[in-house]
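Have a look at final30.txt below; it lists compact mmCIF, C-alpha atoms.
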```
# COMPACT_ATOMS: atom_id res chain seq x y z
CA MET A 1 172.07 94.09 171.69
CA SER A 2 174.97 94.53 169.28
CA LEU A 3 177.36 92.87 166.98
CA VAL A 4 178.46 89.64 168.62
CA PHE A 5 180.68 88.28 165.86
CA ALA A 6 182.48 89.67 162.81
CA GLY A 7 184.74 87.86 160.38
CA VAL A 8 185.63 87.27 156.76
CA CYS A 9 186.14 84.20 154.64
CA SER A 10 186.54 83.10 151.04
CA HIS A 11 183.60 81.85 148.97
CA ALA A 12 184.98 80.54 145.66
CA PRO A 13 182.92 77.70 144.15
CA GLY A 14 186.00 75.51 143.67
CA ILE A 15 186.36 75.31 147.47
CA THR A 16 183.54 72.78 147.48
CA GLY A 17 183.20 71.96 143.78
CA ARG A 18 186.80 70.97 143.08
CA ARG A 19 187.77 69.79 146.54
CA GLU A 20 189.25 66.48 145.35
CA ARG A 21 191.71 68.28 143.07
CA ALA A 22 193.40 70.35 145.81
CA ASP A 23 196.49 69.44 147.83
CA PRO A 24 194.78 67.60 150.70
CA VAL A 25 197.13 68.94 153.39
CA VAL A 26 196.50 72.61 152.60
CA ARG A 27 192.83 72.02 151.83
CA ASP A 28 192.16 70.27 155.12
CA ALA A 29 193.96 72.99 157.07
CA PHE A 30 191.70 75.52 155.31
CA TYR A 31 188.57 73.50 156.08
CA ALA A 32 189.72 73.28 159.72
CA ALA A 33 189.88 77.10 159.82
CA TYR A 34 186.27 77.29 158.58
CA GLU A 35 185.37 74.81 161.31
CA ARG A 36 187.11 76.97 163.92
CA MET A 37 185.12 79.91 162.58
CA ARG A 38 181.89 77.90 162.84
CA LEU A 39 182.60 77.09 166.48
CA ALA A 40 183.41 80.73 167.27
CA LEU A 41 180.25 81.85 165.50
CA GLU A 42 178.14 79.37 167.48
CA ALA A 43 179.83 80.37 170.74
CA ALA A 44 178.73 83.97 170.07
CA ARG A 45 175.09 82.70 170.17
CA PRO A 46 173.80 84.93 167.37
CA ASP A 47 170.10 85.29 166.60
CA ALA A 48 170.88 86.07 162.97
CA LEU A 49 173.81 86.12 160.56
CA VAL A 50 174.30 88.99 158.12
CA VAL A 51 176.34 87.80 155.12
CA ILE A 52 177.93 90.63 153.15
CA ALA A 53 178.61 88.99 149.82
CA ALA A 54 179.41 89.77 146.22
CA GLU A 55 177.15 87.73 143.99
CA HIS A 56 177.69 86.70 140.42
CA PHE A 57 174.42 87.38 138.55
CA ALA A 58 172.18 85.03 140.51
CA ASN A 59 169.61 87.73 141.32
CA PHE A 60 170.88 91.01 139.99
CA PHE A 61 171.66 91.72 136.37
CA MET A 62 172.60 94.74 134.31
CA ASN A 63 168.90 95.48 133.71
CA ASN A 64 168.52 96.77 137.27
CA MET A 65 171.71 96.55 139.31
CA PRO A 66 171.64 97.80 142.89
CA ALA A 67 174.90 99.08 144.35
CA ILE A 68 173.92 97.47 147.65
CA CYS A 69 170.90 95.27 148.26
CA VAL A 70 169.76 93.71 151.54
CA GLY A 71 167.55 90.65 151.71
CA MET A 72 164.24 90.89 153.54
CA GLY A 73 162.85 87.45 152.73
CA GLU A 74 161.24 84.92 155.01
CA ARG A 75 163.40 82.29 153.39
CA TYR A 76 166.03 81.92 150.72
CA GLU A 77 167.14 79.13 148.45
CA GLY A 78 170.56 78.07 147.27
CA PRO A 79 172.91 77.30 145.79
CA ILE A 80 171.62 78.33 142.37
CA GLU A 81 174.49 76.49 140.69
CA ASP A 82 174.30 72.89 139.52
CA GLU A 83 174.56 70.77 142.66
CA ALA A 84 177.18 68.41 141.27
CA TRP A 85 179.24 71.29 139.87
CA ILE A 86 179.40 73.15 143.18
CA GLY A 87 179.32 70.10 145.46
CA ILE A 88 176.55 71.48 147.71
CA ARG A 89 172.95 70.27 147.91
CA ARG A 90 170.28 72.87 147.20
CA THR A 91 168.37 73.84 150.32
CA ARG A 92 166.18 76.44 151.96
CA VAL A 93 167.68 78.86 154.45
CA PRO A 94 165.55 80.77 156.96
CA GLY A 95 165.53 84.57 156.79
CA ALA A 96 164.86 87.18 159.46
CA PRO A 97 162.49 89.59 157.69
CA ASP A 98 161.51 91.65 160.71
CA LEU A 99 165.10 92.26 161.78
CA SER A 100 166.05 92.88 158.15
CA ARG A 101 163.45 95.58 157.86
CA ARG A 102 164.60 97.34 161.02
CA LEU A 103 168.25 97.19 159.96
CA ILE A 104 167.43 98.48 156.47
CA GLU A 105 165.35 101.35 157.81
CA ASP A 106 168.11 102.32 160.20
CA VAL A 107 170.95 102.03 157.67
CA MET A 108 168.98 104.14 155.16
CA ASN A 109 169.52 107.15 157.40
CA ASP A 110 173.07 107.09 156.03
CA ILE A 111 173.20 104.87 152.94
CA ASP A 112 170.60 104.25 150.21
CA LEU A 113 169.77 100.57 149.93
CA ALA A 114 167.72 98.33 147.69
CA TYR A 115 165.88 95.46 149.34
CA ALA A 116 164.69 92.09 148.05
CA GLN A 117 162.14 89.68 149.48
CA GLU A 118 163.16 87.04 146.98
CA TRP A 119 166.76 85.94 146.63
CA LYS A 120 168.57 82.87 145.39
CA PHE A 121 171.98 82.31 146.93
CA ASP A 122 174.91 81.56 144.68
CA HIS A 123 178.32 80.30 145.74
CA GLY A 124 179.10 83.70 147.27
CA ILE A 125 176.79 82.84 150.16
CA SER A 126 176.19 79.09 149.82
CA VAL A 127 179.86 78.13 150.17
CA PRO A 128 180.35 80.03 153.47
CA LEU A 129 177.03 78.71 154.85
CA HIS A 130 178.01 75.14 153.92
CA PHE A 131 180.88 75.44 156.39
CA LEU A 132 179.55 77.91 158.96
CA THR A 133 175.89 76.90 159.38
CA PRO A 134 175.83 73.35 158.00
CA ARG A 135 172.40 72.63 159.52
CA TYR A 136 170.99 75.82 157.95
CA ASP A 137 169.22 76.63 161.19
CA LEU A 138 170.53 80.16 161.77
CA PRO A 139 168.42 82.91 160.15
CA VAL A 140 170.41 84.71 157.49
CA ILE A 141 170.22 88.25 156.14
CA PRO A 142 172.02 88.42 152.79
CA VAL A 143 173.66 91.61 151.61
CA ASN A 144 174.97 92.04 148.10
CA ILE A 145 177.52 94.62 147.09
CA ASN A 146 177.79 94.79 143.31
CA CYS A 147 181.39 93.83 142.52
CA GLN A 148 180.65 92.54 138.99
CA GLY A 149 179.18 95.11 136.68
CA PRO A 150 180.74 98.59 136.76
CA PRO A 151 180.03 101.26 137.76
CA LEU A 152 180.87 99.92 141.22
CA ILE A 153 180.19 101.62 144.52
CA PRO A 154 183.28 103.49 145.83
CA LEU A 155 185.25 101.80 148.60
CA LYS A 156 184.56 104.64 151.03
CA ARG A 157 180.84 104.01 150.66
CA CYS A 158 181.36 100.34 151.48
CA TYR A 159 183.11 101.33 154.69
CA GLU A 160 180.29 103.79 155.45
CA PHE A 161 177.74 101.04 154.84
CA GLY A 162 179.58 98.88 157.38
CA ARG A 163 179.55 101.69 159.91
CA ALA A 164 175.85 102.29 159.37
CA LEU A 165 175.14 98.57 159.69
CA ARG A 166 177.02 98.53 162.99
CA ARG A 167 174.96 101.43 164.32
CA ALA A 168 171.78 99.65 163.23
CA CYS A 169 172.90 96.43 164.94
CA ASN A 170 173.63 98.35 168.13
CA ALA A 171 170.05 99.65 168.10
CA ALA A 172 168.48 96.19 167.66
CA PRO A 173 167.73 93.90 170.62
CA GLU A 174 168.99 90.82 168.76
CA ARG A 175 172.47 89.33 168.92
CA ILE A 176 173.83 89.77 165.39
CA ALA A 177 176.78 88.17 163.63
CA VAL A 178 178.22 89.65 160.44
CA ILE A 179 180.59 88.10 157.95
CA GLY A 180 182.10 89.43 154.76
CA THR A 181 182.86 86.94 152.01
CA GLY A 182 184.91 87.42 148.91
CA GLY A 183 188.23 86.89 147.31
CA ILE A 184 191.22 89.08 147.65
CA SER A 185 193.32 88.90 144.48
CA HIS A 186 192.01 86.45 141.90
CA TRP A 187 191.27 86.08 138.21
CA PRO A 188 188.27 83.71 138.33
CA ALA A 189 186.60 82.50 135.15
CA THR A 190 189.49 83.60 132.93
CA PRO A 191 192.30 81.50 131.46
CA ASP A 192 194.35 82.76 134.43
CA SER A 193 192.06 81.17 137.00
CA GLY A 194 194.42 79.95 139.73
CA LYS A 195 196.69 82.99 139.52
CA ILE A 196 196.94 84.58 142.97
CA ASN A 197 199.00 87.64 143.95
CA GLU A 198 200.00 86.53 147.43
CA ARG A 199 202.06 89.66 148.11
CA TRP A 200 199.06 91.86 147.27
CA ASP A 201 196.80 89.71 149.43
CA ARG A 202 199.11 89.87 152.43
CA GLU A 203 199.44 93.65 152.10
CA PHE A 204 195.66 93.97 151.93
CA LEU A 205 195.16 91.62 154.88
CA GLY A 206 197.66 93.67 156.89
CA ARG A 207 195.60 96.82 156.34
CA PHE A 208 192.35 94.94 156.97
CA LEU A 209 193.42 93.21 160.17
CA ALA A 210 194.78 96.48 161.59
CA ASN A 211 191.53 98.09 160.39
CA ARG A 212 193.35 101.11 159.03
CA ARG A 213 190.54 102.88 157.21
CA GLU A 214 192.60 105.30 155.15
CA GLU A 215 194.87 102.54 153.89
CA LEU A 216 191.92 100.34 153.00
CA LEU A 217 190.27 103.14 151.08
CA ALA A 218 193.48 103.98 149.18
CA TYR A 219 193.00 101.16 146.66
CA ARG A 220 191.94 102.20 143.17
CA ASP A 221 189.87 99.90 140.97
CA ASP A 222 192.06 100.26 137.88
CA GLN A 223 195.14 99.23 139.88
CA THR A 224 193.23 96.44 141.58
CA TRP A 225 192.08 95.12 138.20
CA ARG A 226 195.67 94.99 136.93
CA GLU A 227 197.37 93.73 140.08
CA ALA A 228 194.67 91.70 141.81
CA GLY A 229 192.31 90.71 139.01
CA GLN A 230 188.66 91.55 138.46
CA GLY A 231 187.98 89.26 141.42
CA GLY A 232 189.89 91.79 143.53
CA PHE A 233 186.88 94.12 143.35
CA GLU A 234 185.38 91.88 146.02
CA ILE A 235 187.58 93.59 148.64
CA ARG A 236 184.44 95.70 148.99
CA THR A 237 182.94 92.98 151.20
CA TYR A 238 185.98 93.00 153.50
CA ILE A 239 186.01 96.79 153.62
CA ALA A 240 182.32 96.88 154.58
CA LEU A 241 183.07 94.35 157.33
CA ALA A 242 185.97 96.52 158.51
CA GLY A 243 183.54 99.44 158.73
CA ALA A 244 181.17 97.33 160.80
CA ALA A 245 184.06 96.46 163.12
CA GLU A 246 185.56 99.96 163.12
CA GLY A 247 187.94 100.47 166.02
CA HIS A 248 188.62 96.76 166.30
CA THR A 249 191.47 94.75 164.86
CA GLY A 250 191.38 91.22 163.55
CA GLU A 251 193.24 87.96 163.68
CA LEU A 252 194.19 85.88 160.66
CA TRP A 253 193.18 82.25 161.16
CA PHE A 254 194.13 81.04 157.71
CA TYR A 255 195.65 82.27 154.50
CA ALA A 256 197.08 80.15 151.70
CA PRO A 257 196.83 80.34 147.93
CA ILE A 258 195.06 77.20 146.65
CA PRO A 259 195.23 77.58 142.85
CA ILE A 260 192.56 74.99 141.97
CA PHE A 261 190.18 76.95 144.23
CA ALA A 262 191.15 80.05 142.20
CA VAL A 263 191.75 82.22 145.28
CA GLY A 264 194.01 82.91 148.26
CA CYS A 265 191.92 81.06 150.81
CA THR A 266 191.25 83.22 153.84
CA VAL A 267 189.60 83.01 157.25
CA ALA A 268 189.92 85.95 159.65
CA VAL A 269 187.95 87.08 162.67
CA MET A 270 187.73 90.52 164.31
CA ASN A 271 188.34 90.88 168.04
CA LEU A 272 185.15 92.57 169.14
CA ASP A 273 185.79 91.94 172.84
CA GLY A 274 188.65 94.40 173.07
CA LYS A 275 188.03 98.10 173.66
CA ALA A 276 187.55 99.93 170.38
CA GLN A 277 190.55 101.96 169.21
CA ALA A 278 190.55 105.05 167.05
CA ALA A 279 191.16 104.09 163.40
CA MET B 1 172.95 95.78 123.03
CA SER B 2 173.66 92.42 121.48
CA LEU B 3 176.33 91.25 123.93
CA TYR B 4 173.90 92.34 126.63
CA ASP B 5 171.35 89.90 125.19
CA VAL B 6 173.85 87.03 125.12
CA GLN B 7 174.55 87.65 128.79
CA LYS B 8 170.87 88.04 129.61
CA LEU B 9 170.09 84.68 128.06
CA ILE B 10 172.79 82.98 130.16
CA TYR B 11 171.63 84.81 133.30
CA GLN B 12 168.07 83.63 132.72
CA LEU B 13 169.19 80.06 131.98
CA ASN B 14 171.02 80.05 135.33
CA ARG B 15 167.92 81.16 137.21
CA ASP B 16 165.07 79.43 135.43
CA ALA B 17 164.76 75.64 135.31
CA GLN B 18 161.82 75.84 132.87
CA LEU B 19 163.83 77.93 130.44
CA ARG B 20 166.69 75.43 130.72
CA GLU B 21 164.27 72.66 129.86
CA ARG B 22 162.89 74.55 126.85
CA PHE B 23 166.44 75.44 125.78
CA SER B 24 167.55 71.81 125.93
CA THR B 25 164.73 70.71 123.60
CA ASP B 26 164.53 73.70 121.23
CA MET B 27 167.47 76.07 121.39
CA GLU B 28 166.71 77.77 118.09
CA THR B 29 163.27 78.95 119.20
CA VAL B 30 164.56 80.24 122.54
CA LEU B 31 167.26 82.20 120.73
CA THR B 32 164.67 84.01 118.57
CA GLU B 33 163.54 85.73 121.78
CA TYR B 34 166.87 87.54 122.08
CA ASP B 35 168.47 90.20 119.90
CA LEU B 36 171.55 88.35 118.68
CA SER B 37 174.00 88.70 115.79
CA ASP B 38 174.73 85.66 113.61
CA GLU B 39 178.09 85.25 115.28
CA GLU B 40 176.47 85.30 118.72
CA ARG B 41 173.79 82.79 117.68
CA ARG B 42 176.37 80.44 116.27
CA SER B 43 178.63 80.66 119.31
CA ILE B 44 175.74 79.93 121.68
CA LEU B 45 174.34 77.05 119.61
CA GLU B 46 177.59 75.27 118.86
CA PRO B 47 178.70 76.19 121.57
CA ASP B 48 181.93 78.05 120.89
CA VAL B 49 182.91 78.88 124.47
CA GLY B 50 186.20 80.40 123.29
CA LEU B 51 184.39 82.88 121.06
CA LEU B 52 181.87 83.76 123.76
CA TYR B 53 184.82 84.47 126.04
CA VAL B 54 186.54 86.65 123.42
CA MET B 55 183.30 88.54 122.75
CA GLY B 56 183.39 89.68 126.36
CA VAL B 57 180.71 87.58 128.03
CA ASN B 58 181.22 88.05 131.78
CA GLY B 59 183.16 85.05 133.10
CA GLN B 60 180.78 84.43 135.97
CA LEU B 61 178.05 83.86 133.41
CA LEU B 62 180.11 81.98 130.86
CA MET B 63 181.50 79.60 133.51
CA HIS B 64 177.98 78.31 134.12
CA TYR B 65 177.03 78.17 130.46
CA ALA B 66 180.13 76.05 129.78
CA ALA B 67 179.13 73.72 132.64
CA LEU B 68 175.54 73.56 131.34
CA ARG B 69 176.85 72.48 127.94
CA GLY B 70 178.96 69.75 129.51
CA TYR B 71 182.39 71.33 129.72
CA GLU B 72 184.51 69.83 132.48
CA TRP B 73 186.65 72.42 134.31
CA SER B 74 189.89 71.82 132.42
CA ALA B 75 188.07 71.73 129.08
CA TYR B 76 186.43 75.08 129.90
CA MET B 77 189.82 76.61 130.74
CA GLU B 78 191.28 75.25 127.51
CA ALA B 79 188.33 76.52 125.46
CA MET B 80 189.03 80.10 126.63
CA ARG B 81 192.73 79.75 125.70
CA GLU B 82 191.79 78.29 122.33
CA GLY B 83 189.40 81.19 121.81
CA GLU B 84 192.19 83.71 122.33
CA ARG B 85 194.47 81.82 119.92
CA LYS B 86 191.77 81.61 117.28
CA TYR B 87 189.97 84.97 117.60
CA GLY B 88 192.52 87.22 119.29
CA PRO B 89 192.30 89.07 122.61
CA VAL B 90 189.05 89.67 124.52
CA ARG B 91 187.18 92.49 122.80
CA THR B 92 185.46 94.10 125.78
CA GLY B 93 184.80 93.70 129.48
CA LEU B 94 186.82 92.94 132.57
CA TYR B 95 187.31 89.19 132.20
CA THR B 96 190.57 89.22 130.27
CA SER B 97 193.80 87.31 130.72
CA ALA B 98 196.18 88.84 133.25
CA GLY B 99 198.95 89.39 130.69
CA SER B 100 196.78 91.72 128.62
CA ARG B 101 196.17 94.19 131.47
CA SER B 102 199.03 96.61 131.03
```

Show me this structure written as structure tokens.
Amino acid sequence: MSLVFAGVCSHAPGITGRRERADPVVRDAFYAAYERMRLALEAARPDALVVIAAEHFANFFMNNMPAICVGMGERYEGPIEDEAWIGIRRTRVPGAPDLSRRLIEDVMNDIDLAYAQEWKFDHGISVPLHFLTPRYDLPVIPVNINCQGPPLIPLKRCYEFGRALRRACNAAPERIAVIGTGGISHWPATPDSGKINERWDREFLGRFLANRREELLAYRDDQTWREAGQGGFEIRTYIALAGAAEGHTGELWFYAPIPIFAVGCTVAVMNLDGKAQAA
Amino acid sequence: MSLYDVQKLIYQLNRDAQLRERFSTDMETVLTEYDLSDEERRSILEPDVGLLYVMGVNGQLLMHYAALRGYEWSAYMEAMREGERKYGPVRTGLYTSAGSRS
């Protein structure tokens, strides 16, 4: 079949863990955007959901850090965080090992991948699933792009990974949904948690939604670190998603800085129905 | 490699419920299994979250260690600020305050 859904959303742990401390009006509008995304995802009737995430040392550490790893498990477990701290109950999530294997084999024609048959989700995946698949009944294929421990994979390789994933999805008979999750600018887990560079975020989102490859790949990590925080390295997940949706533009369903969530909260969906345009 | 060991301990505590259990009953013994300086041992045991932050422990790890040791969110934020006041700017790594990134 092909890609039947593509979108991006935020994943910060405060979104669920510190929900009572946010401005309820903005928070509820953000939650409503996740809900709209859930309905759109369900309407696309996917057989599996690929989640391109940036984890935070739940599975991968500096002893053996893959640039990109794809899950190939029969099931996963998450969130790894303390349940009360993150505000999500720990649960099992079904995998799609056979589809995973075919996608990995296909993608590896273009991009080297690691794979993992064991994987514990952290907030990077558990927060999006809490909103998007609240019954945990849709098989998930997790993807991790290392955005934590440099050296980090170059942005152009993230876009290429997305492209390769799209080609692999096109070759599979299943209906496949893909989301990218991450922050745009943010300084999580520093004394500046809550700082958000809205101007930077809106500029990035403009390039992302128009899916202008060259402009997306023009970011440099040293500038991103200064202007958008170390959390800004997670634009890799959005750029991979843009590669998967190459030729298609997107629509912003929600953006607002919510400081207690430590991120500019974002929900955006690509218009896959339209005819693909040259980048 | 010592900061690496501090981070590895926290990573393993996050993943392993049995290690957490052992750590809660006998921290000192668990710490002998890691290559740590005296300053690192002290900051983990106490815990001195501000010093761990200044040493350069990755924030995504330290955030969970602070929670494990009972730090509420605002107290964790304040501990990092107190660490900078007491020990100076973050010594290494990417998790530094925004103002120091010129």

Exercise for the section: Identify which of the residues B:Ser2, B:Leu61, B:Phe23, B:Arg85 lies closest to chain A, counting all atoms listed in the file when measuring atom-to-atom distances. Expected result: B:Leu61

What's around B:Thr92 at 8 Å? Count only C-alpha atoms, leave out sequence neighbours fewer than 4 positions away in its own chain, and write the answer as a JSON list (two decimals) with C-alpha atoms, in the coordinates of the input.
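Final output, saved to selection.json:
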```
[["chain", "number", "residue", "atom", "x", "y", "z"],
["B", 54, "VAL", "CA", 186.54, 86.65, 123.42],
["B", 55, "MET", "CA", 183.30, 88.54, 122.75],
["B", 56, "GLY", "CA", 183.39, 89.68, 126.36]]
```

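When atom CA of A:Ile88 is paired with atom CA of A:Pro24, their separation reads 18.9 Å.
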
Practice task
For chain A, work out the contacting residues on chain B at 10 Å, counting all atoms listed in the file, and write them as a PyMOL selection string.
Solution key: chain B and resi 4+7-8+10-12+14-16+53+58-64+67-68+72-73+76-82+84+93-102

Output for the residues just chosen: C-alpha atoms as a PDB file, in the frame of the given file:
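The new file out_7.pdb reads:
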```
ATOM      1  CA  TYR B   4     173.900  92.340 126.630  1.00  0.00           C
ATOM      2  CA  GLN B   7     174.550  87.650 128.790  1.00  0.00           C
ATOM      3  CA  LYS B   8     170.870  88.040 129.610  1.00  0.00           C
ATOM      4  CA  ILE B  10     172.790  82.980 130.160  1.00  0.00           C
ATOM      5  CA  TYR B  11     171.630  84.810 133.300  1.00  0.00           C
ATOM      6  CA  GLN B  12     168.070  83.630 132.720  1.00  0.00           C
ATOM      7  CA  ASN B  14     171.020  80.050 135.330  1.00  0.00           C
ATOM      8  CA  ARG B  15     167.920  81.160 137.210  1.00  0.00           C
ATOM      9  CA  ASP B  16     165.070  79.430 135.430  1.00  0.00           C
ATOM     10  CA  TYR B  53     184.820  84.470 126.040  1.00  0.00           C
ATOM     11  CA  ASN B  58     181.220  88.050 131.780  1.00  0.00           C
ATOM     12  CA  GLY B  59     183.160  85.050 133.100  1.00  0.00           C
ATOM     13  CA  GLN B  60     180.780  84.430 135.970  1.00  0.00           C
ATOM     14  CA  LEU B  61     178.050  83.860 133.410  1.00  0.00           C
ATOM     15  CA  LEU B  62     180.110  81.980 130.860  1.00  0.00           C
ATOM     16  CA  MET B  63     181.500  79.600 133.510  1.00  0.00           C
ATOM     17  CA  HIS B  64     177.980  78.310 134.120  1.00  0.00           C
ATOM     18  CA  ALA B  67     179.130  73.720 132.640  1.00  0.00           C
ATOM     19  CA  LEU B  68     175.540  73.560 131.340  1.00  0.00           C
ATOM     20  CA  GLU B  72     184.510  69.830 132.480  1.00  0.00           C
ATOM     21  CA  TRP B  73     186.650  72.420 134.310  1.00  0.00           C
ATOM     22  CA  TYR B  76     186.430  75.080 129.900  1.00  0.00           C
ATOM     23  CA  MET B  77     189.820  76.610 130.740  1.00  0.00           C
ATOM     24  CA  GLU B  78     191.280  75.250 127.510  1.00  0.00           C
ATOM     25  CA  ALA B  79     188.330  76.520 125.460  1.00  0.00           C
ATOM     26  CA  MET B  80     189.030  80.100 126.630  1.00  0.00           C
ATOM     27  CA  ARG B  81     192.730  79.750 125.700  1.00  0.00           C
ATOM     28  CA  GLU B  82     191.790  78.290 122.330  1.00  0.00           C
ATOM     29  CA  GLU B  84     192.190  83.710 122.330  1.00  0.00           C
ATOM     30  CA  GLY B  93     184.800  93.700 129.480  1.00  0.00           C
ATOM     31  CA  LEU B  94     186.820  92.940 132.570  1.00  0.00           C
ATOM     32  CA  TYR B  95     187.310  89.190 132.200  1.00  0.00           C
ATOM     33  CA  THR B  96     190.570  89.220 130.270  1.00  0.00           C
ATOM     34  CA  SER B  97     193.800  87.310 130.720  1.00  0.00           C
ATOM     35  CA  ALA B  98     196.180  88.840 133.250  1.00  0.00           C
ATOM     36  CA  GLY B  99     198.950  89.390 130.690  1.00  0.00           C
ATOM     37  CA  SER B 100     196.780  91.720 128.620  1.00  0.00           C
ATOM     38  CA  ARG B 101     196.170  94.190 131.470  1.00  0.00           C
ATOM     39  CA  SER B 102     199.030  96.610 131.030  1.00  0.00           C
TER      40      SER B 102
END
```

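Reported to one decimal place, the separation of atom CA of A:Ile184 from atom CA of A:Arg89 is 26.2 Å.
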
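For the pair atom CA of A:His248 and atom CA of A:Leu41, the interatomic distance is 17.1 Å.
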
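Near A:Ala53, within 8 Å and counting all atoms listed in the file, sit Gly124, Ile125, Pro142, Val143, Asn144, Ile145, Gly180, Thr181, Gly182 and Thr237 of chain A, not including residues fewer than 3 positions from it in the same chain.
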
Problem - Near-A:Pro46 list (12 Å; only C-alpha atoms; drop same-chain fewer than 4 positions) as a VMD selection string - result: chain A and resid 1 to 6 38 to 42 50 133 137 to 140 169 173 to 178

I'd like the box whose edges run along x, y and z of the file and which contains every listed atom of stretch 62-67 of chain A, padded by 3 Å per side; could you state its centre and edge lengths in Å, one decimal, as JSON?
```
{"center_x": 171.7, "center_y": 96.9, "center_z": 139.0, "size_x": 12.4, "size_y": 10.3, "size_z": 16.6}
```

Problem - Closest of A:Gly250, A:Gly87, A:Pro134, A:Gly183 to A:Asn271 - atom-to-atom distances counting only C-alpha atoms - result: A:Gly250

Problem - Spatial neighbours of A:Ala240, 10 Å, all atoms listed in the file, chain gap at least 2 places, as number ranges by chain - result: A: 52-53, 145, 155-165, 179-180, 235-238, 242-246

Using only C-alpha atoms, please write the residues we just selected to a file, as a PDB file, keeping the file's coordinate frame.
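Result file out33.pdb:
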```pdb
ATOM      1  CA  ILE A  52     177.930  90.630 153.150  1.00  0.00           C
ATOM      2  CA  ALA A  53     178.610  88.990 149.820  1.00  0.00           C
ATOM      3  CA  ILE A 145     177.520  94.620 147.090  1.00  0.00           C
ATOM      4  CA  LEU A 155     185.250 101.800 148.600  1.00  0.00           C
ATOM      5  CA  LYS A 156     184.560 104.640 151.030  1.00  0.00           C
ATOM      6  CA  ARG A 157     180.840 104.010 150.660  1.00  0.00           C
ATOM      7  CA  CYS A 158     181.360 100.340 151.480  1.00  0.00           C
ATOM      8  CA  TYR A 159     183.110 101.330 154.690  1.00  0.00           C
ATOM      9  CA  GLU A 160     180.290 103.790 155.450  1.00  0.00           C
ATOM     10  CA  PHE A 161     177.740 101.040 154.840  1.00  0.00           C
ATOM     11  CA  GLY A 162     179.580  98.880 157.380  1.00  0.00           C
ATOM     12  CA  ARG A 163     179.550 101.690 159.910  1.00  0.00           C
ATOM     13  CA  ALA A 164     175.850 102.290 159.370  1.00  0.00           C
ATOM     14  CA  LEU A 165     175.140  98.570 159.690  1.00  0.00           C
ATOM     15  CA  ILE A 179     180.590  88.100 157.950  1.00  0.00           C
ATOM     16  CA  GLY A 180     182.100  89.430 154.760  1.00  0.00           C
ATOM     17  CA  ILE A 235     187.580  93.590 148.640  1.00  0.00           C
ATOM     18  CA  ARG A 236     184.440  95.700 148.990  1.00  0.00           C
ATOM     19  CA  THR A 237     182.940  92.980 151.200  1.00  0.00           C
ATOM     20  CA  TYR A 238     185.980  93.000 153.500  1.00  0.00           C
ATOM     21  CA  ALA A 242     185.970  96.520 158.510  1.00  0.00           C
ATOM     22  CA  GLY A 243     183.540  99.440 158.730  1.00  0.00           C
ATOM     23  CA  ALA A 244     181.170  97.330 160.800  1.00  0.00           C
ATOM     24  CA  ALA A 245     184.060  96.460 163.120  1.00  0.00           C
ATOM     25  CA  GLU A 246     185.560  99.960 163.120  1.00  0.00           C
TER      26      GLU A 246
END
```

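Closest approach to A:Arg21 among A:Cys265, A:Asp273, A:Pro259, A:Phe254 is made by A:Pro259 (distances from all atoms listed in the file).
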
Exercise for the section: Would you list the contacts of stretch 43-46 of chain B as an MDAnalysis selection string, taking every protein, DNA or RNA residue within 12 Å and counting only C-alpha atoms, but skipping same-chain residues closer than 5 positions in sequence? Expected result: chainID B and resid 3 5:7 9:10 23:24 26:32 34 36:38 51:55 57 62 65:66 68:69 83

Need a file for stretch 140-161 of chain A from that block: C-alpha atoms, written as a PDB file, in the first residue's frame.
```pdb
ATOM      1  CA  VAL A 140       3.732   0.358  16.683  1.00  0.00           C
ATOM      2  CA  ILE A 141       7.177   0.401  15.090  1.00  0.00           C
ATOM      3  CA  PRO A 142       9.473   2.669  17.102  1.00  0.00           C
ATOM      4  CA  VAL A 143      12.347   4.489  15.467  1.00  0.00           C
ATOM      5  CA  ASN A 144      14.994   6.302  17.444  1.00  0.00           C
ATOM      6  CA  ILE A 145      17.225   8.991  16.046  1.00  0.00           C
ATOM      7  CA  ASN A 146      19.998   9.820  18.504  1.00  0.00           C
ATOM      8  CA  CYS A 147      19.487  13.488  19.391  1.00  0.00           C
ATOM      9  CA  GLN A 148      21.173  13.260  22.823  1.00  0.00           C
ATOM     10  CA  GLY A 149      24.770  12.162  22.708  1.00  0.00           C
ATOM     11  CA  PRO A 150      26.960  13.719  20.010  1.00  0.00           C
ATOM     12  CA  PRO A 151      28.184  12.893  17.470  1.00  0.00           C
ATOM     13  CA  LEU A 152      24.710  13.207  15.963  1.00  0.00           C
ATOM     14  CA  ILE A 153      23.623  12.064  12.530  1.00  0.00           C
ATOM     15  CA  PRO A 154      23.657  14.950   9.994  1.00  0.00           C
ATOM     16  CA  LEU A 155      20.288  16.474   9.108  1.00  0.00           C
ATOM     17  CA  LYS A 156      20.621  15.463   5.463  1.00  0.00           C
ATOM     18  CA  ARG A 157      20.859  11.829   6.523  1.00  0.00           C
ATOM     19  CA  CYS A 158      17.667  12.202   8.545  1.00  0.00           C
ATOM     20  CA  TYR A 159      15.881  13.470   5.449  1.00  0.00           C
ATOM     21  CA  GLU A 160      17.359  10.590   3.437  1.00  0.00           C
ATOM     22  CA  PHE A 161      16.169   8.134   6.072  1.00  0.00           C
TER      23      PHE A 161
END
```
